[in-house]
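Here is the structure we will look at, set down as structure tokens.
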Amino acid sequence: MGDSHFPETIAKICLGKFSSLPRSGKPASNQWTVLSCIIQEESSRFEVVALATGSKCIGSNKMSPIGDILNDSHAEVICRRAFMLYLYEELERALLNQTSLIEFKPELLKFQLNEEVKFHFFTTMMPCGDASIFPKSDNNNTGDVFKKETSNVDKKRSMNFNESLPKKLKMNDGDIHRTGAKCLKNDERQDPKGEGADYHITGVVRTKPGRGDPTLSISCSDKITKWCYLGLQGGLLSKFLEKPIYLSAFVVVGDTPFSKESLQRALFDRIGNIELAPPFGKKSLLFFQAKDATFTFQKADNKDVCPSSIMWYKNGASQKPEVAIEGKKQGVTKKNQGLKSSRLKVCKSELLGRFKLLHQKVHTNIDTWSYSECKQNMLDYQLNWKTLKSRLGMWPEKNEALLKFT
Ligand SMILES: [Zn+2]
């Protein structure tokens with residue numbers, strides 16, 4: 001990773017993987033999308049293990065009470081869901097001693113990840129939300145002009161979060177890159193929407209942009225922050241793993257606005273000092289831009305957003321990606337809509353199914369448990385999540401009625 005070609009190597013592998021996938025679900029030449037990948041590094045060998053494209057979310061009125069629709073189809077989010085499916089496959093293989101990645105420890109009833117293995121994140125645009133807010137400049141070198149007005153408050157912040165105030169970006173001159181993600185409605189901290197740097201505040205949790213029916217999905221910057229502290233595996237999989245799985249590097253493609261400083265600020269610095277109960281804890285991340293790599297379907301004024309998403313993960317049985325439109329599997333007819341085969345593998349209900357299957361093999365049968373009961377049962381994870389949430393200041397409560405499915 002110390003080698004200077006590292007970001008270019010990562011970008012090349014990810015863009016190559018994307019090119020190798022079938023045409024279905026990819027943008028047309030006049031459309032744009034976001035591509036995200038998770039790369040596994042083992043003995044200096046890099047391999048894409050999860051990939052997704054997409055930049056859309058469904059409105060709150062279309063959310064499903066049985067977990068069969070994807071609310072959030074931003075590439076970053078479905079890529080991480082696809083990675084969870086990859087992990088489930090590897091855990092199943094570990095039970096049969098068929099993988100070098102993970103080992104099952106029967107005495108602990110837990111799985112242990114090979115310490116040599118690292119995971120990296122690649123994406124073609126800065127994550128929406130807080131990380132997307134940074135000064136515009138020709139070379140995107142923002143080190144000197146980037147100052148916070150409330151640095152004293154920041155110092156205090158690690159002692160008492162409640163004393164922190166909304167923060168403005170202060171720059172010598174010029175404008176800032178904006179995000180369509182909005183501050184939470186019931187948060188007293190709101191964007192002033194003034195000129196230049198007075199448009200946004202930084203450091204607050206945001207919901208994703210959406211037209212018409214508003215989305216309840218949290219911005220990618222906020223979700224990635226959660227992964228940086230609690231791991232990529234999420235609550236359910238934390239039950240089986242000896243330690244959470246953290247990212248090591250974050251690589252953004254070239255030819256798009258980029259700022260290391262805003263990534264560091266959004267994913268780590270806004271949290272301040274935090275004590276999580278082991279095995280959870282902050283694991284710092286290295287940020288890179290692959291300056292020589294470009295993405296054909298990069299966002300541009302003369303392009304429309306691609307309505308579909310593709311999702312793929314490394315899987316022994318099938319290498320075929322799935323295609324989603326409006327959170328549902330492409331091509332599913334009304335008649336087949338309720339069938340299990342009509343669901344996307346990355347939807348909540350399918351992931352819950354994978355969890356229960358593995359739970360039965362390792363522990364006990366929990367078939368009757370709801371999604372919400374399974375989640376609440378992960379006490380260590382929930383406790384640490386509570387601590388992290390208190391640092392984020394605000395995080396919308398989930399609608400429990402949408403989490404009761406079994
Ligand atoms: Zn996003």
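Residue numbering restarts at 1 for every chain of the structure tokens, chains are lettered A, B, ... in their displayed order, and ligands are numbered from 1 as they appear.
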
For this session: Select the residues contacting ligand 1 at a distance of at most 7 Å, based on only C-alpha atoms and all ligand atoms, then format the selection as an MDAnalysis selection string.
Result: chainID A and resid 55 74 76 127:128 208 219:220

Output of the above residues as a PDB file, in the first residue's frame, restricted to N, CA and C atoms:
```
ATOM      1  N   SER A  55     -27.146   5.525  -8.021  1.00  0.00           N
ATOM      2  CA  SER A  55     -27.140   6.828  -7.360  1.00  0.00           C
ATOM      3  C   SER A  55     -28.558   7.261  -7.034  1.00  0.00           C
ATOM      4  N   HIS A  74     -27.667   3.785  -3.568  1.00  0.00           N
ATOM      5  CA  HIS A  74     -26.371   4.417  -3.845  1.00  0.00           C
ATOM      6  C   HIS A  74     -25.322   3.307  -3.903  1.00  0.00           C
ATOM      7  N   GLU A  76     -22.273   2.935  -3.024  1.00  0.00           N
ATOM      8  CA  GLU A  76     -21.499   2.646  -1.813  1.00  0.00           C
ATOM      9  C   GLU A  76     -22.261   1.671  -0.910  1.00  0.00           C
ATOM     10  N   PRO A 127     -18.338  10.538  -1.524  1.00  0.00           N
ATOM     11  CA  PRO A 127     -19.620  10.100  -0.966  1.00  0.00           C
ATOM     12  C   PRO A 127     -20.545  11.297  -0.694  1.00  0.00           C
ATOM     13  N   CYS A 128     -21.836  11.143  -0.970  1.00  0.00           N
ATOM     14  CA  CYS A 128     -22.780  12.237  -0.737  1.00  0.00           C
ATOM     15  C   CYS A 128     -22.810  12.583   0.754  1.00  0.00           C
ATOM     16  N   LYS A 208     -30.295  11.620   2.189  1.00  0.00           N
ATOM     17  CA  LYS A 208     -29.934  11.659   0.775  1.00  0.00           C
ATOM     18  C   LYS A 208     -30.863  12.551  -0.032  1.00  0.00           C
ATOM     19  N   SER A 219     -27.179   9.779   4.369  1.00  0.00           N
ATOM     20  CA  SER A 219     -26.154  10.009   3.342  1.00  0.00           C
ATOM     21  C   SER A 219     -25.016   8.991   3.447  1.00  0.00           C
ATOM     22  N   CYS A 220     -24.327   8.794   2.326  1.00  0.00           N
ATOM     23  CA  CYS A 220     -23.220   7.822   2.306  1.00  0.00           C
ATOM     24  C   CYS A 220     -22.106   8.216   3.265  1.00  0.00           C
TER      25      CYS A 220
END
```

As a short mmCIF file (atom, residue, chain, number, x, y, z; two decimals) with N, CA and C atoms, in the first residue's frame, please: every residue in region 24-222 of chain A that DSSP puts in strand (DSSP E).
```
data_model
loop_
_atom_site.label_atom_id
_atom_site.label_comp_id
_atom_site.auth_asym_id
_atom_site.auth_seq_id
_atom_site.Cartn_x
_atom_site.Cartn_y
_atom_site.Cartn_z
N GLN A 31 -25.71 8.61 -20.09
CA GLN A 31 -26.13 8.53 -18.68
C GLN A 31 -24.90 8.45 -17.77
N TRP A 32 -25.12 8.84 -16.50
CA TRP A 32 -24.04 8.72 -15.52
C TRP A 32 -24.50 7.86 -14.35
N LEU A 35 -19.87 4.15 -9.40
CA LEU A 35 -19.39 2.77 -9.26
C LEU A 35 -18.61 2.68 -7.95
N SER A 36 -18.92 1.67 -7.13
CA SER A 36 -18.13 1.42 -5.92
C SER A 36 -17.72 -0.05 -5.85
N CYS A 37 -16.54 -0.30 -5.33
CA CYS A 37 -16.05 -1.68 -5.21
C CYS A 37 -15.38 -1.88 -3.86
N ILE A 38 -15.42 -3.10 -3.36
CA ILE A 38 -14.58 -3.48 -2.22
C ILE A 38 -13.56 -4.48 -2.72
N ILE A 39 -12.30 -4.16 -2.42
CA ILE A 39 -11.18 -4.95 -2.93
C ILE A 39 -10.53 -5.68 -1.77
N GLN A 40 -10.24 -6.94 -1.99
CA GLN A 40 -9.55 -7.74 -0.98
C GLN A 40 -8.07 -7.80 -1.35
N GLU A 41 -7.23 -7.55 -0.35
CA GLU A 41 -5.78 -7.65 -0.57
C GLU A 41 -5.23 -8.79 0.28
N GLU A 42 -4.61 -9.75 -0.40
CA GLU A 42 -4.04 -10.88 0.31
C GLU A 42 -2.68 -11.18 -0.32
N ARG A 45 -1.86 -9.52 -3.48
CA ARG A 45 -2.78 -9.82 -4.58
C ARG A 45 -4.07 -9.07 -4.33
N PHE A 46 -4.54 -8.32 -5.34
CA PHE A 46 -5.77 -7.54 -5.19
C PHE A 46 -6.89 -8.19 -5.99
N GLU A 47 -8.07 -8.21 -5.41
CA GLU A 47 -9.20 -8.81 -6.10
C GLU A 47 -10.49 -8.09 -5.69
N VAL A 48 -11.32 -7.76 -6.69
CA VAL A 48 -12.62 -7.16 -6.37
C VAL A 48 -13.51 -8.27 -5.82
N VAL A 49 -14.08 -8.07 -4.63
CA VAL A 49 -14.98 -9.10 -4.08
C VAL A 49 -16.43 -8.61 -4.02
N ALA A 50 -16.65 -7.29 -4.16
CA ALA A 50 -18.01 -6.76 -4.21
C ALA A 50 -18.01 -5.51 -5.09
N LEU A 51 -19.07 -5.36 -5.86
CA LEU A 51 -19.17 -4.22 -6.79
C LEU A 51 -20.62 -3.80 -6.92
N ALA A 52 -20.85 -2.50 -7.05
CA ALA A 52 -22.21 -2.02 -7.30
C ALA A 52 -22.17 -0.68 -8.01
N THR A 53 -23.24 -0.40 -8.75
CA THR A 53 -23.41 0.93 -9.32
C THR A 53 -24.76 1.47 -8.86
N SER A 55 -27.15 5.53 -8.02
CA SER A 55 -27.14 6.83 -7.36
C SER A 55 -28.56 7.26 -7.03
N LYS A 56 -29.46 6.29 -6.88
CA LYS A 56 -30.87 6.64 -6.61
C LYS A 56 -31.34 6.07 -5.27
N CYS A 57 -32.43 6.66 -4.77
CA CYS A 57 -33.07 6.20 -3.55
C CYS A 57 -34.56 6.22 -3.78
N ASP A 72 -32.24 2.26 -0.43
CA ASP A 72 -31.07 3.07 -0.78
C ASP A 72 -30.26 2.33 -1.84
N SER A 73 -30.23 2.88 -3.05
CA SER A 73 -29.45 2.22 -4.12
C SER A 73 -28.21 3.02 -4.49
N HIS A 74 -27.67 3.78 -3.57
CA HIS A 74 -26.37 4.42 -3.84
C HIS A 74 -25.32 3.31 -3.90
N ILE A 102 -11.01 -17.20 6.16
CA ILE A 102 -11.63 -17.21 7.49
C ILE A 102 -11.53 -18.61 8.09
N GLU A 103 -11.30 -18.62 9.40
CA GLU A 103 -11.23 -19.92 10.09
C GLU A 103 -12.30 -19.97 11.17
N PHE A 104 -12.97 -21.09 11.28
CA PHE A 104 -13.99 -21.25 12.33
C PHE A 104 -13.32 -21.78 13.59
N LYS A 105 -13.60 -21.10 14.73
CA LYS A 105 -13.04 -21.54 16.02
C LYS A 105 -14.16 -22.18 16.83
N LYS A 110 -16.99 -18.75 16.99
CA LYS A 110 -16.76 -17.52 16.22
C LYS A 110 -15.81 -17.79 15.06
N PHE A 111 -15.85 -16.88 14.12
CA PHE A 111 -14.96 -16.99 12.96
C PHE A 111 -13.84 -15.97 13.10
N GLN A 112 -12.66 -16.39 12.64
CA GLN A 112 -11.49 -15.51 12.75
C GLN A 112 -10.97 -15.22 11.35
N LEU A 113 -10.88 -13.95 11.05
CA LEU A 113 -10.39 -13.55 9.73
C LEU A 113 -8.87 -13.65 9.69
N LYS A 118 -6.53 -7.61 3.90
CA LYS A 118 -7.00 -6.23 4.05
C LYS A 118 -8.13 -5.97 3.06
N PHE A 119 -8.96 -4.99 3.39
CA PHE A 119 -10.03 -4.60 2.46
C PHE A 119 -9.92 -3.10 2.16
N HIS A 120 -10.13 -2.75 0.89
CA HIS A 120 -10.07 -1.36 0.45
C HIS A 120 -11.36 -1.00 -0.26
N PHE A 121 -11.66 0.30 -0.24
CA PHE A 121 -12.88 0.78 -0.90
C PHE A 121 -12.49 1.66 -2.08
N PHE A 122 -13.16 1.43 -3.19
CA PHE A 122 -12.93 2.26 -4.38
C PHE A 122 -14.26 2.87 -4.79
N THR A 123 -14.25 4.14 -5.19
CA THR A 123 -15.50 4.75 -5.65
C THR A 123 -15.19 5.84 -6.67
N PHE A 134 -16.54 20.76 0.37
CA PHE A 134 -15.16 21.24 0.51
C PHE A 134 -14.90 22.33 -0.53
N PRO A 135 -13.88 23.14 -0.28
CA PRO A 135 -13.63 24.27 -1.18
C PRO A 135 -13.32 23.83 -2.60
N LYS A 147 -10.13 26.09 6.78
CA LYS A 147 -10.05 26.31 8.23
C LYS A 147 -11.46 26.31 8.80
N LYS A 148 -11.55 25.88 10.01
CA LYS A 148 -12.86 25.89 10.64
C LYS A 148 -12.96 27.13 11.53
N LYS A 167 -20.88 24.17 12.16
CA LYS A 167 -19.61 24.70 11.68
C LYS A 167 -19.71 25.20 10.26
N LYS A 168 -19.03 26.29 9.99
CA LYS A 168 -18.97 26.81 8.64
C LYS A 168 -17.57 26.58 8.11
N LEU A 169 -17.47 26.43 6.82
CA LEU A 169 -16.15 26.34 6.21
C LEU A 169 -15.67 27.76 5.99
N LYS A 170 -14.41 27.99 6.32
CA LYS A 170 -13.89 29.32 6.07
C LYS A 170 -12.80 29.22 5.01
N ILE A 176 -17.66 26.57 -2.66
CA ILE A 176 -17.46 25.20 -2.18
C ILE A 176 -18.26 24.22 -3.03
N HIS A 177 -17.81 22.98 -3.05
CA HIS A 177 -18.61 21.91 -3.63
C HIS A 177 -19.78 21.65 -2.70
N LYS A 182 -29.53 16.62 2.69
CA LYS A 182 -30.10 17.66 3.56
C LYS A 182 -29.91 17.36 5.04
N CYS A 183 -29.78 18.44 5.83
CA CYS A 183 -29.73 18.27 7.29
C CYS A 183 -31.06 17.66 7.75
N ILE A 201 -23.32 23.96 6.39
CA ILE A 201 -22.53 23.73 7.60
C ILE A 201 -21.94 22.33 7.43
N THR A 202 -20.91 22.03 8.21
CA THR A 202 -20.34 20.67 8.13
C THR A 202 -20.51 19.97 9.47
N ARG A 206 -26.94 13.80 7.52
CA ARG A 206 -27.84 14.26 6.45
C ARG A 206 -28.62 13.12 5.83
N THR A 207 -29.75 13.46 5.22
CA THR A 207 -30.48 12.46 4.42
C THR A 207 -30.18 12.69 2.95
#
```

So which residues touch Asp130 (chain A) within 7 Å, counting only C-alpha atoms, skipping near sequence neighbours fewer than 4 positions away, as a PDB file with N, CA and C atoms, in the first residue's frame?
```pdb
ATOM      1  N   THR A 202     -20.909  22.029   8.211  1.00  0.00           N
ATOM      2  CA  THR A 202     -20.342  20.675   8.126  1.00  0.00           C
ATOM      3  C   THR A 202     -20.513  19.965   9.468  1.00  0.00           C
ATOM      4  N   GLY A 203     -20.330  18.647   9.428  1.00  0.00           N
ATOM      5  CA  GLY A 203     -20.343  17.868  10.674  1.00  0.00           C
ATOM      6  C   GLY A 203     -21.708  17.376  11.109  1.00  0.00           C
ATOM      7  N   SER A 221     -21.810   9.522   3.391  1.00  0.00           N
ATOM      8  CA  SER A 221     -20.764   9.937   4.346  1.00  0.00           C
ATOM      9  C   SER A 221     -21.077   9.431   5.750  1.00  0.00           C
ATOM     10  N   ALA A 266     -15.103  14.300   7.650  1.00  0.00           N
ATOM     11  CA  ALA A 266     -16.442  13.710   7.690  1.00  0.00           C
ATOM     12  C   ALA A 266     -16.455  12.315   8.316  1.00  0.00           C
TER      13      ALA A 266
END
```

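When only C-alpha atoms are used to measure the gap to Glu400 (chain A), the shortest distance among A:Asn114, A:Asn302, A:Pro65, A:Lys345 belongs to A:Pro65.
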